[in-house]
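This is input-v4.tsv (TSV, C-alpha atoms).
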chain	number	residue	atom	x	y	z
A	512	MET	CA	2.62	-9.43	-35.08
A	513	ASN	CA	3.53	-5.76	-34.75
A	514	GLU	CA	-0.11	-4.89	-33.92
A	515	ASN	CA	-0.13	-7.27	-30.94
A	516	ASN	CA	3.07	-5.75	-29.58
A	517	ASN	CA	1.58	-2.26	-29.79
A	518	GLU	CA	-1.61	-3.38	-27.99
A	519	LYS	CA	0.41	-4.99	-25.17
A	520	GLN	CA	2.56	-1.87	-24.72
A	521	GLN	CA	-0.46	0.46	-24.56
A	522	GLY	CA	-2.31	-1.62	-21.95
A	523	LEU	CA	-5.98	-1.56	-21.14
A	524	GLN	CA	-7.71	1.80	-21.16
A	525	ILE	CA	-10.28	2.26	-18.40
A	526	GLU	CA	-12.93	4.95	-18.54
A	527	LEU	CA	-13.46	6.58	-15.15
A	528	PRO	CA	-16.84	8.35	-15.00
A	529	GLN	CA	-16.89	11.51	-12.92
A	530	GLU	CA	-19.37	10.08	-10.38
A	531	VAL	CA	-16.97	7.16	-9.73
A	532	ALA	CA	-13.70	9.12	-9.86
A	533	GLN	CA	-14.11	10.64	-6.40
A	534	GLY	CA	-14.26	7.17	-4.85
A	535	GLU	CA	-15.95	5.86	-1.72
A	536	TYR	CA	-14.28	5.75	1.68
A	537	ALA	CA	-14.46	2.34	3.38
A	538	ASN	CA	-12.70	1.21	6.55
A	539	PHE	CA	-14.31	-2.20	6.87
A	540	ALA	CA	-14.94	-5.14	4.55
A	541	VAL	CA	-16.86	-8.38	4.86
A	542	ILE	CA	-15.84	-11.16	2.48
A	543	THR	CA	-18.03	-14.17	1.73
A	544	HIS	CA	-17.87	-16.80	-0.99
A	545	GLY	CA	-19.77	-19.56	-2.67
A	546	SER	CA	-18.56	-22.15	-5.16
A	547	GLY	CA	-18.67	-19.73	-8.08
A	548	ASP	CA	-17.94	-16.27	-6.71
A	549	PHE	CA	-16.56	-14.06	-3.96
A	550	VAL	CA	-18.58	-11.17	-2.54
A	551	ILE	CA	-16.84	-8.24	-0.90
A	552	ASP	CA	-19.03	-5.73	0.94
A	553	PHE	CA	-17.23	-2.50	1.76
A	554	ALA	CA	-18.59	-0.36	4.59
A	555	ARG	CA	-17.90	2.69	6.72
A	556	VAL	CA	-17.74	2.20	10.47
A	557	LEU	CA	-17.99	5.57	12.22
A	558	PRO	CA	-17.35	6.34	15.90
A	559	GLY	CA	-20.54	6.65	17.92
A	560	VAL	CA	-22.70	5.16	15.17
A	561	PRO	CA	-23.96	1.66	16.07
A	562	LYS	CA	-24.70	0.64	12.47
A	563	ALA	CA	-22.14	0.43	9.66
A	564	GLN	CA	-23.23	1.69	6.27
A	565	ALA	CA	-22.37	-0.45	3.25
A	566	CYS	CA	-21.04	1.72	0.46
A	567	SER	CA	-20.20	-0.86	-2.20
A	568	ARG	CA	-20.55	-4.55	-3.04
A	569	ILE	CA	-18.16	-6.22	-5.45
A	570	VAL	CA	-18.87	-9.70	-6.81
A	571	MET	CA	-16.07	-11.51	-8.62
A	572	ALA	CA	-15.06	-14.93	-9.90
A	573	PRO	CA	-12.61	-16.92	-7.74
A	574	GLU	CA	-9.84	-16.38	-10.30
A	575	HIS	CA	-10.29	-12.61	-10.11
A	576	ALA	CA	-10.38	-12.74	-6.30
A	577	LYS	CA	-7.01	-14.48	-6.32
A	578	ARG	CA	-5.62	-11.93	-8.80
A	579	LEU	CA	-6.85	-9.16	-6.49
A	580	LEU	CA	-5.17	-10.84	-3.51
A	581	LEU	CA	-1.85	-11.05	-5.37
A	582	ALA	CA	-2.11	-7.46	-6.63
A	583	LEU	CA	-2.93	-6.14	-3.14
A	584	ASN	CA	-0.03	-8.10	-1.66
A	585	GLU	CA	2.39	-6.70	-4.24
A	586	ASN	CA	1.15	-3.14	-3.68
A	587	VAL	CA	1.32	-3.42	0.13
A	588	MET	CA	4.91	-4.67	-0.17
A	589	ARG	CA	5.79	-1.70	-2.42
A	590	TYR	CA	4.05	0.71	-0.06
A	591	GLU	CA	5.92	-0.65	2.98
A	592	ALA	CA	9.23	-0.54	1.13
A	593	GLU	CA	8.67	3.16	0.47
A	594	PHE	CA	6.84	4.35	3.61
A	595	GLY	CA	7.52	1.74	6.31
A	596	GLN	CA	5.57	-1.12	7.84
A	597	ILE	CA	1.80	-0.79	8.15
A	598	LYS	CA	0.88	-1.59	11.75
A	599	LEU	CA	-2.44	-3.25	12.54
A	600	PRO	CA	-3.98	-2.63	15.99
A	601	ASN	CA	-5.61	-5.49	17.93
A	602	ARG	CA	-4.29	-8.15	15.60
A	603	ASP	CA	-4.86	-11.78	16.53
A	604	GLY	CA	-3.23	-14.20	14.08
A	605	ASN	CA	-4.48	-13.55	10.56
A	606	THR	CA	-7.59	-11.63	11.60
A	607	ILE	CA	-8.27	-8.26	13.19
A	608	LYS	CA	-10.32	-8.34	16.38
A	609	MET	CA	-13.72	-6.72	16.00
A	610	ASP	CA	-13.17	-4.43	19.00
A	611	ALA	CA	-10.79	-2.48	16.76
A	612	PHE	CA	-13.99	-1.25	15.08
A	613	ASP	CA	-16.08	-0.64	18.17
A	614	PRO	CA	-18.65	1.95	17.02
A	615	THR	CA	-19.64	2.76	20.60
A	616	LYS	CA	-16.27	4.37	21.25
A	617	GLY	CA	-16.48	8.01	20.30
A	618	GLU	CA	-12.77	8.32	19.58
A	619	ALA	CA	-11.55	10.67	16.91

Just dump the structure as structure tokens.
Amino acid sequence: MNENNNEKQQGLQIELPQEVAQGEYANFAVITHGSGDFVIDFARVLPGVPKAQACSRIVMAPEHAKRLLLALNENVMRYEAEFGQIKLPNRDGNTIKMDAFDPTKGEA
């Protein structure tokens, strides 16, 4: 019983290889799903570049997708409590209008 308590207190250790540690910048995501999985394609949309470049694809089970949703929601709430509300430009209901990512605008 004592061993289980120690394992729970230590948590999961995750190895972070050097080539992954730097991360990938993404400012756009496309989410699709089938009956057994969710696919999230992360991409970079750059001003003046008509084609977005995918930088990562994550495939996960529906249960993990829901856990990710809950974890993101909790972290956004913590962030906003500390730094203020995150404002979304060109918001229409629950989605962001695509013209917010217009690659033909050369704005910096």

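Each of A:Glu591, A:Leu557, A:Ala540, A:Glu585 was compared to Ile569 (chain A) using all atoms listed in the file, and A:Ala540 turns out to be the nearest.
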
Could you jot down the CA of Val560 (chain A) to CA of Tyr536 (chain A) separation for me, Å, one decimal place? 15.9 Å

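Put simply, CA of Gly595 (chain A) is 19.7 Å away from CA of Leu581 (chain A).
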
Point-to-point distance from CA of Ala554 (chain A) to CA of Val541 (chain A), Å rounded to tenths: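 For CA of Ala554 (chain A) relative to CA of Val541 (chain A), the distance reads 8.2 Å.
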
Could you give me, as an NGL selection string, the residues within 10 Å of Ala563 (chain A), counting only C-alpha atoms and dropping anything in the same chain fewer than 3 positions from it? :A and (538-539 or 553-558 or 560 or 566 or 612 or 614)

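The residue that comes closest to Phe549 (chain A), out of A:Lys577, A:Glu593, A:Pro561, A:Asn586 and on the basis of only C-alpha atoms, is A:Lys577.
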
Go through A:Ile525, A:Leu599, A:Ile551, A:Leu580 and flag the residue nearest Ala565 (chain A), using all atoms listed in the file for the distances.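 Closest to Ala565 (chain A), using all atoms listed in the file: A:Ile551.
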
Looking at A:Ala592, A:Leu579, A:Met571, A:Ile597, which one is nearest to Gly545 (chain A), with distances taken over all atoms listed in the file?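 Of A:Ala592, A:Leu579, A:Met571, A:Ile597, the one nearest Gly545 (chain A), counting all atoms listed in the file, is A:Met571.
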
Give the answer as one residue: which of A:Gln524, A:Ser546, A:Glu535, A:Phe594 has the shortest atom-to-atom distance to Gln564 (chain A), using all atoms listed in the file? A:Glu535

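Minimum atom-to-atom distance to Val550 (chain A), evaluated using all atoms listed in the file, belongs to A:Ser567 out of A:Ser567, A:Gln596, A:Gly522, A:Glu530.
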
Could you rebuild region 526-558 of chain A with N, CA and C atoms and give it back as a PDB file, keeping the file's coordinate frame?
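This is the output file rebuild_11.pdb:
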ATOM      1  N   GLU A 526     -12.196   3.702 -18.655  1.00  0.00           N
ATOM      2  CA  GLU A 526     -12.930   4.950 -18.540  1.00  0.00           C
ATOM      3  C   GLU A 526     -13.359   5.131 -17.090  1.00  0.00           C
ATOM      4  N   LEU A 527     -13.114   6.292 -16.537  1.00  0.00           N
ATOM      5  CA  LEU A 527     -13.460   6.580 -15.150  1.00  0.00           C
ATOM      6  C   LEU A 527     -14.494   7.700 -15.119  1.00  0.00           C
ATOM      7  N   PRO A 528     -15.787   7.328 -15.032  1.00  0.00           N
ATOM      8  CA  PRO A 528     -16.840   8.350 -15.000  1.00  0.00           C
ATOM      9  C   PRO A 528     -16.658   9.281 -13.801  1.00  0.00           C
ATOM     10  N   GLN A 529     -17.072  10.504 -13.953  1.00  0.00           N
ATOM     11  CA  GLN A 529     -16.890  11.510 -12.920  1.00  0.00           C
ATOM     12  C   GLN A 529     -17.522  11.110 -11.587  1.00  0.00           C
ATOM     13  N   GLU A 530     -18.699  10.461 -11.632  1.00  0.00           N
ATOM     14  CA  GLU A 530     -19.370  10.080 -10.380  1.00  0.00           C
ATOM     15  C   GLU A 530     -18.638   8.943  -9.662  1.00  0.00           C
ATOM     16  N   VAL A 531     -17.749   8.245 -10.342  1.00  0.00           N
ATOM     17  CA  VAL A 531     -16.970   7.160  -9.730  1.00  0.00           C
ATOM     18  C   VAL A 531     -15.577   7.655  -9.334  1.00  0.00           C
ATOM     19  N   ALA A 532     -15.077   8.661 -10.032  1.00  0.00           N
ATOM     20  CA  ALA A 532     -13.700   9.120  -9.860  1.00  0.00           C
ATOM     21  C   ALA A 532     -13.382   9.598  -8.444  1.00  0.00           C
ATOM     22  N   GLN A 533     -14.345  10.140  -7.749  1.00  0.00           N
ATOM     23  CA  GLN A 533     -14.110  10.640  -6.400  1.00  0.00           C
ATOM     24  C   GLN A 533     -13.888   9.495  -5.415  1.00  0.00           C
ATOM     25  N   GLY A 534     -14.445   8.333  -5.692  1.00  0.00           N
ATOM     26  CA  GLY A 534     -14.260   7.170  -4.850  1.00  0.00           C
ATOM     27  C   GLY A 534     -15.192   7.149  -3.655  1.00  0.00           C
ATOM     28  N   GLU A 535     -15.178   6.041  -2.948  1.00  0.00           N
ATOM     29  CA  GLU A 535     -15.950   5.860  -1.720  1.00  0.00           C
ATOM     30  C   GLU A 535     -14.976   5.487  -0.618  1.00  0.00           C
ATOM     31  N   TYR A 536     -15.111   6.096   0.544  1.00  0.00           N
ATOM     32  CA  TYR A 536     -14.280   5.750   1.680  1.00  0.00           C
ATOM     33  C   TYR A 536     -14.870   4.539   2.382  1.00  0.00           C
ATOM     34  N   ALA A 537     -14.039   3.528   2.631  1.00  0.00           N
ATOM     35  CA  ALA A 537     -14.460   2.340   3.380  1.00  0.00           C
ATOM     36  C   ALA A 537     -13.333   1.980   4.346  1.00  0.00           C
ATOM     37  N   ASN A 538     -13.698   1.644   5.578  1.00  0.00           N
ATOM     38  CA  ASN A 538     -12.700   1.210   6.550  1.00  0.00           C
ATOM     39  C   ASN A 538     -13.032  -0.163   7.119  1.00  0.00           C
ATOM     40  N   PHE A 539     -13.897  -0.880   6.419  1.00  0.00           N
ATOM     41  CA  PHE A 539     -14.310  -2.200   6.870  1.00  0.00           C
ATOM     42  C   PHE A 539     -14.781  -3.003   5.661  1.00  0.00           C
ATOM     43  N   ALA A 540     -14.481  -4.285   5.644  1.00  0.00           N
ATOM     44  CA  ALA A 540     -14.940  -5.140   4.550  1.00  0.00           C
ATOM     45  C   ALA A 540     -15.350  -6.494   5.104  1.00  0.00           C
ATOM     46  N   VAL A 541     -16.404  -7.038   4.526  1.00  0.00           N
ATOM     47  CA  VAL A 541     -16.860  -8.380   4.860  1.00  0.00           C
ATOM     48  C   VAL A 541     -16.752  -9.195   3.574  1.00  0.00           C
ATOM     49  N   ILE A 542     -16.059 -10.332   3.656  1.00  0.00           N
ATOM     50  CA  ILE A 542     -15.840 -11.160   2.480  1.00  0.00           C
ATOM     51  C   ILE A 542     -16.531 -12.502   2.680  1.00  0.00           C
ATOM     52  N   THR A 543     -17.370 -12.873   1.716  1.00  0.00           N
ATOM     53  CA  THR A 543     -18.030 -14.170   1.730  1.00  0.00           C
ATOM     54  C   THR A 543     -17.802 -14.824   0.363  1.00  0.00           C
ATOM     55  N   HIS A 544     -18.048 -16.120   0.296  1.00  0.00           N
ATOM     56  CA  HIS A 544     -17.870 -16.800  -0.990  1.00  0.00           C
ATOM     57  C   HIS A 544     -18.780 -18.010  -1.094  1.00  0.00           C
ATOM     58  N   GLY A 545     -19.064 -18.340  -2.332  1.00  0.00           N
ATOM     59  CA  GLY A 545     -19.770 -19.560  -2.670  1.00  0.00           C
ATOM     60  C   GLY A 545     -18.872 -20.342  -3.629  1.00  0.00           C
ATOM     61  N   SER A 546     -19.394 -21.354  -4.260  1.00  0.00           N
ATOM     62  CA  SER A 546     -18.560 -22.150  -5.160  1.00  0.00           C
ATOM     63  C   SER A 546     -18.155 -21.402  -6.417  1.00  0.00           C
ATOM     64  N   GLY A 547     -18.946 -20.406  -6.819  1.00  0.00           N
ATOM     65  CA  GLY A 547     -18.670 -19.730  -8.080  1.00  0.00           C
ATOM     66  C   GLY A 547     -18.243 -18.292  -7.990  1.00  0.00           C
ATOM     67  N   ASP A 548     -18.300 -17.692  -6.782  1.00  0.00           N
ATOM     68  CA  ASP A 548     -17.940 -16.270  -6.710  1.00  0.00           C
ATOM     69  C   ASP A 548     -17.551 -15.866  -5.289  1.00  0.00           C
ATOM     70  N   PHE A 549     -16.888 -14.729  -5.213  1.00  0.00           N
ATOM     71  CA  PHE A 549     -16.560 -14.060  -3.960  1.00  0.00           C
ATOM     72  C   PHE A 549     -17.352 -12.772  -3.911  1.00  0.00           C
ATOM     73  N   VAL A 550     -17.844 -12.425  -2.730  1.00  0.00           N
ATOM     74  CA  VAL A 550     -18.580 -11.170  -2.540  1.00  0.00           C
ATOM     75  C   VAL A 550     -17.848 -10.367  -1.480  1.00  0.00           C
ATOM     76  N   ILE A 551     -17.505  -9.138  -1.836  1.00  0.00           N
ATOM     77  CA  ILE A 551     -16.840  -8.240  -0.900  1.00  0.00           C
ATOM     78  C   ILE A 551     -17.745  -7.046  -0.673  1.00  0.00           C
ATOM     79  N   ASP A 552     -18.228  -6.897   0.566  1.00  0.00           N
ATOM     80  CA  ASP A 552     -19.030  -5.730   0.940  1.00  0.00           C
ATOM     81  C   ASP A 552     -18.131  -4.751   1.677  1.00  0.00           C
ATOM     82  N   PHE A 553     -18.009  -3.557   1.130  1.00  0.00           N
ATOM     83  CA  PHE A 553     -17.230  -2.500   1.760  1.00  0.00           C
ATOM     84  C   PHE A 553     -18.178  -1.603   2.544  1.00  0.00           C
ATOM     85  N   ALA A 554     -17.726  -1.178   3.730  1.00  0.00           N
ATOM     86  CA  ALA A 554     -18.590  -0.360   4.590  1.00  0.00           C
ATOM     87  C   ALA A 554     -17.767   0.697   5.311  1.00  0.00           C
ATOM     88  N   ARG A 555     -18.495   1.663   5.863  1.00  0.00           N
ATOM     89  CA  ARG A 555     -17.900   2.690   6.720  1.00  0.00           C
ATOM     90  C   ARG A 555     -18.377   2.448   8.140  1.00  0.00           C
ATOM     91  N   VAL A 556     -17.426   2.314   9.048  1.00  0.00           N
ATOM     92  CA  VAL A 556     -17.740   2.200  10.470  1.00  0.00           C
ATOM     93  C   VAL A 556     -17.316   3.528  11.089  1.00  0.00           C
ATOM     94  N   LEU A 557     -18.278   4.257  11.668  1.00  0.00           N
ATOM     95  CA  LEU A 557     -17.990   5.570  12.220  1.00  0.00           C
ATOM     96  C   LEU A 557     -18.126   5.555  13.738  1.00  0.00           C
ATOM     97  N   PRO A 558     -17.267   6.289  14.437  1.00  0.00           N
ATOM     98  CA  PRO A 558     -17.350   6.340  15.900  1.00  0.00           C
ATOM     99  C   PRO A 558     -18.703   6.860  16.353  1.00  0.00           C
TER     100      PRO A 558
END
